[in-house]
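As stored in my_file-v2.pdb (PDB, C-alpha atoms and all ligand atoms):
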ATOM      1  CA  MET A   1      12.455  33.259 -11.759
ATOM      2  CA  ARG A   2      13.273  29.521 -11.603
ATOM      3  CA  VAL A   3      13.870  28.512  -7.985
ATOM      4  CA  THR A   4      16.580  25.964  -7.146
ATOM      5  CA  ILE A   5      15.843  23.640  -4.243
ATOM      6  CA  LEU A   6      18.546  21.442  -2.776
ATOM      7  CA  VAL A   7      17.419  17.900  -1.911
ATOM      8  CA  LEU A   8      19.172  16.016   0.903
ATOM      9  CA  LEU A   9      18.482  12.355   1.739
ATOM     10  CA  GLY A  10      19.055  10.873   5.210
ATOM     11  CA  SER A  11      19.378   7.229   4.117
ATOM     12  CA  LEU A  12      22.261   5.452   2.386
ATOM     13  CA  ARG A  13      20.264   2.290   1.725
ATOM     14  CA  LYS A  14      19.912   1.312  -1.948
ATOM     15  CA  ALA A  15      16.258   0.311  -1.574
ATOM     16  CA  SER A  16      15.521   3.267   0.701
ATOM     17  CA  ILE A  17      11.876   4.294   0.890
ATOM     18  CA  ASN A  18      13.035   7.855   1.491
ATOM     19  CA  ARG A  19      15.051   7.649  -1.735
ATOM     20  CA  GLN A  20      11.786   6.652  -3.398
ATOM     21  CA  LEU A  21      10.192   9.769  -1.892
ATOM     22  CA  VAL A  22      13.007  11.790  -3.467
ATOM     23  CA  GLU A  23      12.171  10.110  -6.781
ATOM     24  CA  VAL A  24       8.534  11.156  -6.376
ATOM     25  CA  ALA A  25       9.638  14.717  -5.582
ATOM     26  CA  LEU A  26      11.830  14.795  -8.699
ATOM     27  CA  GLU A  27       8.976  13.429 -10.820
ATOM     28  CA  SER A  28       6.289  15.730  -9.477
ATOM     29  CA  ALA A  29       8.083  19.036  -8.937
ATOM     30  CA  PRO A  30       6.427  22.040 -10.532
ATOM     31  CA  GLU A  31       7.935  23.285 -13.808
ATOM     32  CA  ALA A  32       9.231  26.492 -12.224
ATOM     33  CA  VAL A  33      11.336  24.553  -9.721
ATOM     34  CA  ASN A  34      14.776  23.125 -10.297
ATOM     35  CA  LEU A  35      15.344  20.305  -7.760
ATOM     36  CA  LYS A  36      19.035  19.564  -7.208
ATOM     37  CA  PHE A  37      19.528  16.194  -5.497
ATOM     38  CA  PHE A  38      22.878  16.081  -3.679
ATOM     39  CA  ASP A  39      23.323  12.316  -3.431
ATOM     40  CA  ARG A  40      26.759  12.247  -1.810
ATOM     41  CA  LEU A  41      26.173  12.499   1.941
ATOM     42  CA  GLY A  42      27.832   9.093   2.420
ATOM     43  CA  GLU A  43      31.102  10.510   1.049
ATOM     44  CA  LEU A  44      31.420  13.223   3.681
ATOM     45  CA  PRO A  45      34.060  12.622   6.346
ATOM     46  CA  PHE A  46      32.869  12.820   9.943
ATOM     47  CA  TYR A  47      32.781  16.445  10.959
ATOM     48  CA  ASN A  48      35.972  17.478  12.716
ATOM     49  CA  GLU A  49      37.130  21.061  13.173
ATOM     50  CA  ASP A  50      40.700  19.924  12.517
ATOM     51  CA  ILE A  51      39.802  19.086   8.902
ATOM     52  CA  ASP A  52      37.414  22.016   8.410
ATOM     53  CA  THR A  53      40.181  24.107   6.881
ATOM     54  CA  LYS A  54      40.837  25.727   3.491
ATOM     55  CA  ALA A  55      41.847  22.274   2.212
ATOM     56  CA  VAL A  56      38.526  20.700   3.122
ATOM     57  CA  ALA A  57      37.463  17.403   1.472
ATOM     58  CA  GLU A  58      36.096  17.743  -2.080
ATOM     59  CA  SER A  59      32.758  16.210  -1.026
ATOM     60  CA  VAL A  60      32.350  18.930   1.615
ATOM     61  CA  THR A  61      33.123  21.670  -0.909
ATOM     62  CA  ALA A  62      30.601  20.115  -3.294
ATOM     63  CA  LEU A  63      27.932  20.029  -0.564
ATOM     64  CA  ARG A  64      28.552  23.614   0.472
ATOM     65  CA  GLU A  65      28.544  24.790  -3.150
ATOM     66  CA  ALA A  66      25.300  22.955  -3.863
ATOM     67  CA  ALA A  67      23.773  24.577  -0.784
ATOM     68  CA  SER A  68      25.129  28.031  -1.731
ATOM     69  CA  GLU A  69      23.663  27.766  -5.217
ATOM     70  CA  ALA A  70      20.261  26.719  -3.884
ATOM     71  CA  ASP A  71      17.478  29.103  -2.893
ATOM     72  CA  ALA A  72      15.896  26.597  -0.489
ATOM     73  CA  ALA A  73      16.249  23.006   0.701
ATOM     74  CA  ILE A  74      14.081  19.968   1.267
ATOM     75  CA  VAL A  75      15.328  17.219   3.545
ATOM     76  CA  VAL A  76      13.934  13.693   3.143
ATOM     77  CA  THR A  77      14.804  11.406   5.997
ATOM     78  CA  PRO A  78      13.903   8.313   8.008
ATOM     79  CA  GLU A  79      14.290   8.074  11.782
ATOM     80  CA  HIS A  80      17.114   6.184  13.489
ATOM     81  CA  ASN A  81      16.591   5.295  17.136
ATOM     82  CA  GLY A  82      14.202   8.129  17.671
ATOM     83  CA  SER A  83      16.456  10.721  16.109
ATOM     84  CA  ILE A  84      18.309  12.039  13.039
ATOM     85  CA  PRO A  85      20.269   9.424  11.044
ATOM     86  CA  ALA A  86      23.990  10.001  11.632
ATOM     87  CA  VAL A  87      24.752  10.614   7.961
ATOM     88  CA  LEU A  88      22.293  13.504   7.876
ATOM     89  CA  LYS A  89      23.414  14.984  11.202
ATOM     90  CA  ASN A  90      26.965  14.953   9.882
ATOM     91  CA  ALA A  91      25.855  16.933   6.821
ATOM     92  CA  ILE A  92      24.075  19.460   9.048
ATOM     93  CA  ASP A  93      27.294  19.951  11.015
ATOM     94  CA  TRP A  94      29.287  20.594   7.830
ATOM     95  CA  LEU A  95      26.615  22.986   6.554
ATOM     96  CA  SER A  96      26.536  24.868   9.860
ATOM     97  CA  ARG A  97      30.094  26.112   9.387
ATOM     98  CA  PRO A  98      31.538  28.745   9.082
ATOM     99  CA  TRP A  99      29.394  29.554  12.106
ATOM    100  CA  GLY A 100      26.963  32.342  11.324
ATOM    101  CA  SER A 101      27.498  32.173   7.556
ATOM    102  CA  GLY A 102      26.734  28.587   6.589
ATOM    103  CA  ALA A 103      25.611  27.962   3.014
ATOM    104  CA  LEU A 104      21.928  27.564   3.988
ATOM    105  CA  LYS A 105      21.802  30.621   6.234
ATOM    106  CA  GLY A 106      18.380  32.249   6.069
ATOM    107  CA  LYS A 107      17.149  29.916   3.328
ATOM    108  CA  PRO A 108      13.755  28.238   3.653
ATOM    109  CA  LEU A 109      13.962  24.561   4.490
ATOM    110  CA  ALA A 110      11.372  21.814   4.894
ATOM    111  CA  VAL A 111      11.694  18.323   6.354
ATOM    112  CA  VAL A 112       9.702  15.297   5.187
ATOM    113  CA  GLY A 113      10.174  11.540   5.211
ATOM    114  CA  ALA A 114       9.025   8.055   6.035
ATOM    115  CA  ALA A 115       9.876   5.622   8.821
ATOM    116  CA  ARG A 116       8.614   2.282  10.004
ATOM    117  CA  GLY A 117       7.194   3.495  13.302
ATOM    118  CA  ARG A 118       3.559   4.487  13.610
ATOM    119  CA  TYR A 119       4.394   8.210  13.665
ATOM    120  CA  GLY A 120       6.384   8.042  10.444
ATOM    121  CA  GLY A 121       9.630   9.433  11.863
ATOM    122  CA  VAL A 122       8.162  12.510  13.487
ATOM    123  CA  TRP A 123      10.873  12.662  16.191
ATOM    124  CA  ALA A 124      13.628  12.626  13.603
ATOM    125  CA  HIS A 125      11.795  15.231  11.574
ATOM    126  CA  GLU A 126      11.369  17.530  14.564
ATOM    127  CA  GLU A 127      15.017  17.170  15.538
ATOM    128  CA  THR A 128      16.121  17.775  11.968
ATOM    129  CA  ARG A 129      14.099  20.994  11.984
ATOM    130  CA  LYS A 130      15.625  22.029  15.301
ATOM    131  CA  SER A 131      19.158  21.249  14.190
ATOM    132  CA  PHE A 132      18.910  22.962  10.790
ATOM    133  CA  GLY A 133      17.350  25.956  12.541
ATOM    134  CA  ILE A 134      20.314  26.215  14.890
ATOM    135  CA  ALA A 135      22.588  25.779  11.872
ATOM    136  CA  GLY A 136      21.015  28.914  10.370
ATOM    137  CA  ALA A 137      18.343  27.760   7.926
ATOM    138  CA  ARG A 138      14.859  29.319   7.953
ATOM    139  CA  VAL A 139      12.940  26.185   8.825
ATOM    140  CA  LEU A 140       9.299  26.081   7.747
ATOM    141  CA  ASP A 141       7.669  24.045  10.497
ATOM    142  CA  ASP A 142       4.318  23.711   8.767
ATOM    143  CA  LEU A 143       5.678  22.127   5.591
ATOM    144  CA  LYS A 144       5.775  18.549   6.773
ATOM    145  CA  LEU A 145       5.094  14.945   5.851
ATOM    146  CA  SER A 146       5.837  12.024   8.189
ATOM    147  CA  THR A 147       4.702   8.813   6.534
ATOM    148  CA  PRO A 148       4.549   5.456   8.367
ATOM    149  CA  THR A 149       5.977   3.034   5.786
ATOM    150  CA  GLU A 150       3.204   0.510   6.327
ATOM    151  CA  THR A 151       0.708   2.932   4.790
ATOM    152  CA  LEU A 152       2.536   2.325   1.506
ATOM    153  CA  GLY A 153       1.762  -1.390   1.616
ATOM    154  CA  GLY A 154       5.120  -2.257   0.044
ATOM    155  CA  ARG A 155       4.431  -0.121  -3.031
ATOM    156  CA  HIS A 156       6.549   2.709  -4.374
ATOM    157  CA  PRO A 157       5.202   6.002  -2.958
ATOM    158  CA  ARG A 158       4.627   7.264  -6.514
ATOM    159  CA  HIS A 159       1.489   5.121  -6.410
ATOM    160  CA  SER A 160       0.088   7.257  -3.590
ATOM    161  CA  LEU A 161      -1.641  10.304  -5.014
ATOM    162  CA  GLU A 162      -1.853  11.783  -1.510
ATOM    163  CA  ILE A 163       1.919  11.601  -0.987
ATOM    164  CA  ALA A 164       2.733  12.884  -4.461
ATOM    165  CA  MET A 165       0.369  15.829  -3.972
ATOM    166  CA  ARG A 166       1.722  16.605  -0.509
ATOM    167  CA  LEU A 167       5.316  16.561  -1.749
ATOM    168  CA  ARG A 168       4.409  18.784  -4.665
ATOM    169  CA  SER A 169       2.711  21.239  -2.360
ATOM    170  CA  VAL A 170       5.683  21.301   0.051
ATOM    171  CA  ILE A 171       7.986  22.028  -2.902
ATOM    172  CA  GLN A 172       5.627  24.659  -4.255
ATOM    173  CA  GLU A 173       5.437  26.413  -0.864
ATOM    174  CA  LEU A 174       9.203  26.280  -0.504
ATOM    175  CA  ALA A 175       9.579  27.875  -3.921
ATOM    176  CA  VAL A 176       7.162  30.649  -2.981
ATOM    177  CA  GLU A 177       9.076  31.295   0.257
ATOM    178  CA  ALA A 178      12.396  31.276  -1.606
ATOM    179  CA  ALA A 179      11.155  33.715  -4.231
ATOM    180  CA  GLY A 180      10.288  36.163  -1.445
ATOM    181  CA  PRO A 181       7.481  38.710  -1.349
ATOM    182  CA  SER A 182       6.379  39.713  -4.820
ATOM    183  CA  VAL A 183       6.994  43.325  -5.746
ATOM    184  CA  PRO A 184       3.655  45.136  -6.059
ATOM    185  CA  HIS A 185       2.949  46.699  -9.456
ATOM    186  CA  PRO A 186       3.100  50.491  -9.380
TER     187      PRO A 186
HETATM  188  C1  LIG B 201      19.524   1.779  12.907
HETATM  189  C2  LIG B 201      18.033   1.912  12.669
HETATM  190  C3  LIG B 201      17.259   2.563  13.602
HETATM  191  C4  LIG B 201      15.891   2.730  13.363
HETATM  192  N1  LIG B 201      15.146   3.426  14.266
HETATM  193  C5  LIG B 201      13.860   3.731  13.960
HETATM  194  C6  LIG B 201      13.113   4.614  14.786
HETATM  195  O1  LIG B 201      13.571   5.110  15.796
HETATM  196  N2  LIG B 201      11.849   4.910  14.416
HETATM  197  C7  LIG B 201      11.282   4.387  13.285
HETATM  198  O2  LIG B 201      10.140   4.702  12.990
HETATM  199  N3  LIG B 201      11.968   3.536  12.498
HETATM  200  C8  LIG B 201      13.243   3.209  12.804
HETATM  201  N4  LIG B 201      13.964   2.372  11.995
HETATM  202  C9  LIG B 201      13.290   1.760  10.844
HETATM  203  C10 LIG B 201      13.325   2.691   9.661
HETATM  204  O3  LIG B 201      12.301   3.646   9.794
HETATM  205  C11 LIG B 201      13.085   1.908   8.381
HETATM  206  O4  LIG B 201      14.114   0.953   8.206
HETATM  207  C12 LIG B 201      13.027   2.823   7.182
HETATM  208  O5  LIG B 201      12.581   2.107   6.063
HETATM  209  C13 LIG B 201      14.390   3.414   6.905
HETATM  210  O6  LIG B 201      14.301   4.349   5.873
HETATM  211  P1  LIG B 201      14.852   4.024   4.403
HETATM  212  O7  LIG B 201      13.947   2.955   3.844
HETATM  213  O8  LIG B 201      14.713   5.307   3.672
HETATM  214  O9  LIG B 201      16.264   3.548   4.525
HETATM  215  C14 LIG B 201      15.311   2.174  12.208
HETATM  216  C15 LIG B 201      16.118   1.508  11.277
HETATM  217  C16 LIG B 201      17.465   1.375  11.500
HETATM  218  C17 LIG B 201      18.309   0.670  10.472
END

Would you kindly transcribe this structure into structure tokens?
Ligand SMILES: Cc1cc2nc3c(=O)[nH]c(=O)nc-3n(C[C@H](O)[C@H](O)[C@H](O)COP(=O)(O)O)c2cc1C
Amino acid sequence: MRVTILVLLGSLRKASINRQLVEVALESAPEAVNLKFFDRLGELPFYNEDIDTKAVAESVTALREAASEADAAIVVTPEHNGSIPAVLKNAIDWLSRPWGSGALKGKPLAVVGAARGRYGGVWAHEETRKSFGIAGARVLDDLKLSTPTETLGGRHPRHSLEIAMRLRSVIQELAVEAAGPSVPHP
């Protein structure tokens, strides 16, 4: 079975280092994994229950459909002021509704990313895990990568074998979790 993993990016910046991490993920994903990058978080309106109706914005429908079609999700994000970038938090809020049956409910999810600080965005990553967990995803706390950007020395992360291998292993583990326990042969 080919596993589909939704990719969400917490930066809108063109030259985003986290976007580069997404590029590495897309380049290095195992053959059996279909990575679906939803690159439209900047188009989502701010979450507001008044507009979370049947006639919801097309970008919201597209996000929820992409999440519904996925078996798992990987979130790639920097840290903003010690926390989750607003654009990503907004997406979590949209994905958390309808409450109790959001499109990522029960699906395995991992959080990775890079930030300028010496801990590589670990606060944002922890809060993203907490928030997606409350929103209903099955967050895999051990599948992590928090890269201080200075370790990249200004180079694209695809030049770091360590990062490429870590991302590949996070994706691989997510795929295994999404596929569920294998059925034993009789
Ligand atoms: C509004 C703002 C707040 C930031 N706050 C933090 C922070 O709390 N911790 C941190 O490590 N870096 C922080 N940074 C620096 C980002 O980690 C750095 O700009 C990073 O490259 C952003 O990710 P991107 O390249 O994917 O856009 C902040 C940057 C901005 C623009």

* Å distance separating atom CA of Leu6 of chain A from atom CA of Val112 of chain A, one decimal place ->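 Atom-to-atom, atom CA of Leu6 of chain A and atom CA of Val112 of chain A are spaced 13.4 Å apart.
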
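One distance worth recording is that between atom CA of Gln20 of chain A and atom CA of Trp94 of chain A, which is 25.0 Å.
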
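Here atom CA of Ala55 of chain A is placed at a distance of 29.4 Å from atom CA of Thr77 of chain A.
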
* Asked: Near Ala137 of chain A, within 9 Å and counting all atoms listed in the file, which residues show up once chain neighbours fewer than 2 positions away are dropped, as an MDAnalysis selection string?
  -> chainID A and resid 72:73 96 102:109 129 132:135 139

* To do: Excluding segment 159-162 of chain A and residues on its chain fewer than 6 positions from it, collect all residues at most 12 Å away from it, counting all atoms listed in the file, and give them as a ChimeraX atom specification.
  => /A:20-21,23-24,28,145,147,149,151-153,168-169

Could you tell me which residues the PyMOL selection byres (((not hetatm)) within 12 of (chain B and resi 201)) returns for this structure, as a CSV table (one decimal) with C-alpha atoms, in the coordinates of the input?
chain,number,residue,atom,x,y,z
A,8,LEU,CA,19.2,16.0,0.9
A,9,LEU,CA,18.5,12.4,1.7
A,10,GLY,CA,19.1,10.9,5.2
A,11,SER,CA,19.4,7.2,4.1
A,12,LEU,CA,22.3,5.5,2.4
A,13,ARG,CA,20.3,2.3,1.7
A,14,LYS,CA,19.9,1.3,-1.9
A,15,ALA,CA,16.3,0.3,-1.6
A,16,SER,CA,15.5,3.3,0.7
A,17,ILE,CA,11.9,4.3,0.9
A,18,ASN,CA,13.0,7.9,1.5
A,19,ARG,CA,15.1,7.6,-1.7
A,20,GLN,CA,11.8,6.7,-3.4
A,21,LEU,CA,10.2,9.8,-1.9
A,22,VAL,CA,13.0,11.8,-3.5
A,23,GLU,CA,12.2,10.1,-6.8
A,75,VAL,CA,15.3,17.2,3.5
A,76,VAL,CA,13.9,13.7,3.1
A,77,THR,CA,14.8,11.4,6.0
A,78,PRO,CA,13.9,8.3,8.0
A,79,GLU,CA,14.3,8.1,11.8
A,80,HIS,CA,17.1,6.2,13.5
A,81,ASN,CA,16.6,5.3,17.1
A,82,GLY,CA,14.2,8.1,17.7
A,83,SER,CA,16.5,10.7,16.1
A,84,ILE,CA,18.3,12.0,13.0
A,85,PRO,CA,20.3,9.4,11.0
A,86,ALA,CA,24.0,10.0,11.6
A,87,VAL,CA,24.8,10.6,8.0
A,88,LEU,CA,22.3,13.5,7.9
A,112,VAL,CA,9.7,15.3,5.2
A,113,GLY,CA,10.2,11.5,5.2
A,114,ALA,CA,9.0,8.1,6.0
A,115,ALA,CA,9.9,5.6,8.8
A,116,ARG,CA,8.6,2.3,10.0
A,117,GLY,CA,7.2,3.5,13.3
A,118,ARG,CA,3.6,4.5,13.6
A,119,TYR,CA,4.4,8.2,13.7
A,120,GLY,CA,6.4,8.0,10.4
A,121,GLY,CA,9.6,9.4,11.9
A,122,VAL,CA,8.2,12.5,13.5
A,123,TRP,CA,10.9,12.7,16.2
A,124,ALA,CA,13.6,12.6,13.6
A,125,HIS,CA,11.8,15.2,11.6
A,146,SER,CA,5.8,12.0,8.2
A,147,THR,CA,4.7,8.8,6.5
A,148,PRO,CA,4.5,5.5,8.4
A,149,THR,CA,6.0,3.0,5.8
A,150,GLU,CA,3.2,0.5,6.3
A,151,THR,CA,0.7,2.9,4.8
A,152,LEU,CA,2.5,2.3,1.5
A,154,GLY,CA,5.1,-2.3,0.0
A,156,HIS,CA,6.5,2.7,-4.4
A,157,PRO,CA,5.2,6.0,-3.0

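Taking all atoms listed in the file into account, Val56 of chain A lies nearest to A:Arg97 out of the set A:Arg97, A:Lys144, A:Lys130, A:Arg138.
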
Atoms added to segment 133-158 of chain A (N, CA and C atoms), reported as a PDB file, in the frame of the given file:
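Everything below was put into result02.pdb:
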ATOM      1  N   GLY A 133      17.641  24.600  12.086  1.00  0.00           N
ATOM      2  CA  GLY A 133      17.350  25.956  12.541  1.00  0.00           C
ATOM      3  C   GLY A 133      18.539  26.546  13.283  1.00  0.00           C
ATOM      4  N   ILE A 134      19.134  25.746  14.148  1.00  0.00           N
ATOM      5  CA  ILE A 134      20.314  26.215  14.890  1.00  0.00           C
ATOM      6  C   ILE A 134      21.477  26.448  13.922  1.00  0.00           C
ATOM      7  N   ALA A 135      21.523  25.626  12.871  1.00  0.00           N
ATOM      8  CA  ALA A 135      22.588  25.779  11.872  1.00  0.00           C
ATOM      9  C   ALA A 135      22.361  26.994  10.967  1.00  0.00           C
ATOM     10  N   GLY A 136      21.205  27.641  11.077  1.00  0.00           N
ATOM     11  CA  GLY A 136      21.015  28.914  10.370  1.00  0.00           C
ATOM     12  C   GLY A 136      19.954  28.936   9.294  1.00  0.00           C
ATOM     13  N   ALA A 137      19.377  27.760   8.970  1.00  0.00           N
ATOM     14  CA  ALA A 137      18.343  27.760   7.926  1.00  0.00           C
ATOM     15  C   ALA A 137      17.049  28.366   8.473  1.00  0.00           C
ATOM     16  N   ARG A 138      16.185  28.805   7.558  1.00  0.00           N
ATOM     17  CA  ARG A 138      14.859  29.319   7.953  1.00  0.00           C
ATOM     18  C   ARG A 138      13.871  28.160   7.804  1.00  0.00           C
ATOM     19  N   VAL A 139      13.729  27.416   8.875  1.00  0.00           N
ATOM     20  CA  VAL A 139      12.940  26.185   8.825  1.00  0.00           C
ATOM     21  C   VAL A 139      11.445  26.515   8.795  1.00  0.00           C
ATOM     22  N   LEU A 140      10.745  25.877   7.862  1.00  0.00           N
ATOM     23  CA  LEU A 140       9.299  26.081   7.747  1.00  0.00           C
ATOM     24  C   LEU A 140       8.608  24.902   8.428  1.00  0.00           C
ATOM     25  N   ASP A 141       8.201  25.130   9.662  1.00  0.00           N
ATOM     26  CA  ASP A 141       7.669  24.045  10.497  1.00  0.00           C
ATOM     27  C   ASP A 141       6.388  23.431   9.945  1.00  0.00           C
ATOM     28  N   ASP A 142       5.626  24.218   9.219  1.00  0.00           N
ATOM     29  CA  ASP A 142       4.318  23.711   8.767  1.00  0.00           C
ATOM     30  C   ASP A 142       4.398  22.866   7.500  1.00  0.00           C
ATOM     31  N   LEU A 143       5.536  22.929   6.820  1.00  0.00           N
ATOM     32  CA  LEU A 143       5.678  22.127   5.591  1.00  0.00           C
ATOM     33  C   LEU A 143       6.215  20.767   5.968  1.00  0.00           C
ATOM     34  N   LYS A 144       5.320  19.829   6.248  1.00  0.00           N
ATOM     35  CA  LYS A 144       5.775  18.549   6.773  1.00  0.00           C
ATOM     36  C   LYS A 144       5.053  17.375   6.150  1.00  0.00           C
ATOM     37  N   LEU A 145       5.679  16.213   6.290  1.00  0.00           N
ATOM     38  CA  LEU A 145       5.094  14.945   5.851  1.00  0.00           C
ATOM     39  C   LEU A 145       5.865  13.846   6.577  1.00  0.00           C
ATOM     40  N   SER A 146       5.194  13.130   7.464  1.00  0.00           N
ATOM     41  CA  SER A 146       5.837  12.024   8.189  1.00  0.00           C
ATOM     42  C   SER A 146       4.997  10.774   7.921  1.00  0.00           C
ATOM     43  N   THR A 147       5.496   9.946   7.019  1.00  0.00           N
ATOM     44  CA  THR A 147       4.702   8.813   6.534  1.00  0.00           C
ATOM     45  C   THR A 147       5.117   7.493   7.188  1.00  0.00           C
ATOM     46  N   PRO A 148       4.226   6.811   7.902  1.00  0.00           N
ATOM     47  CA  PRO A 148       4.549   5.456   8.367  1.00  0.00           C
ATOM     48  C   PRO A 148       4.653   4.539   7.140  1.00  0.00           C
ATOM     49  N   THR A 149       5.746   3.788   7.022  1.00  0.00           N
ATOM     50  CA  THR A 149       5.977   3.034   5.786  1.00  0.00           C
ATOM     51  C   THR A 149       4.871   2.008   5.520  1.00  0.00           C
ATOM     52  N   GLU A 150       4.219   1.550   6.583  1.00  0.00           N
ATOM     53  CA  GLU A 150       3.204   0.510   6.327  1.00  0.00           C
ATOM     54  C   GLU A 150       1.998   1.060   5.545  1.00  0.00           C
ATOM     55  N   THR A 151       1.824   2.377   5.570  1.00  0.00           N
ATOM     56  CA  THR A 151       0.708   2.932   4.790  1.00  0.00           C
ATOM     57  C   THR A 151       0.962   2.772   3.288  1.00  0.00           C
ATOM     58  N   LEU A 152       2.222   2.497   2.930  1.00  0.00           N
ATOM     59  CA  LEU A 152       2.536   2.325   1.506  1.00  0.00           C
ATOM     60  C   LEU A 152       2.252   0.905   1.026  1.00  0.00           C
ATOM     61  N   GLY A 153       2.084  -0.007   1.978  1.00  0.00           N
ATOM     62  CA  GLY A 153       1.762  -1.390   1.616  1.00  0.00           C
ATOM     63  C   GLY A 153       2.791  -2.026   0.695  1.00  0.00           C
ATOM     64  N   GLY A 154       4.062  -1.648   0.847  1.00  0.00           N
ATOM     65  CA  GLY A 154       5.120  -2.257   0.044  1.00  0.00           C
ATOM     66  C   GLY A 154       5.218  -1.690  -1.375  1.00  0.00           C
ATOM     67  N   ARG A 155       4.384  -0.705  -1.688  1.00  0.00           N
ATOM     68  CA  ARG A 155       4.431  -0.121  -3.031  1.00  0.00           C
ATOM     69  C   ARG A 155       5.276   1.147  -3.053  1.00  0.00           C
ATOM     70  N   HIS A 156       5.777   1.471  -4.214  1.00  0.00           N
ATOM     71  CA  HIS A 156       6.549   2.709  -4.374  1.00  0.00           C
ATOM     72  C   HIS A 156       5.606   3.881  -4.054  1.00  0.00           C
ATOM     73  N   PRO A 157       6.098   4.890  -3.318  1.00  0.00           N
ATOM     74  CA  PRO A 157       5.202   6.002  -2.958  1.00  0.00           C
ATOM     75  C   PRO A 157       4.648   6.766  -4.159  1.00  0.00           C
ATOM     76  N   ARG A 158       5.198   6.567  -5.343  1.00  0.00           N
ATOM     77  CA  ARG A 158       4.627   7.264  -6.514  1.00  0.00           C
ATOM     78  C   ARG A 158       3.199   6.782  -6.809  1.00  0.00           C
TER      79      ARG A 158
END
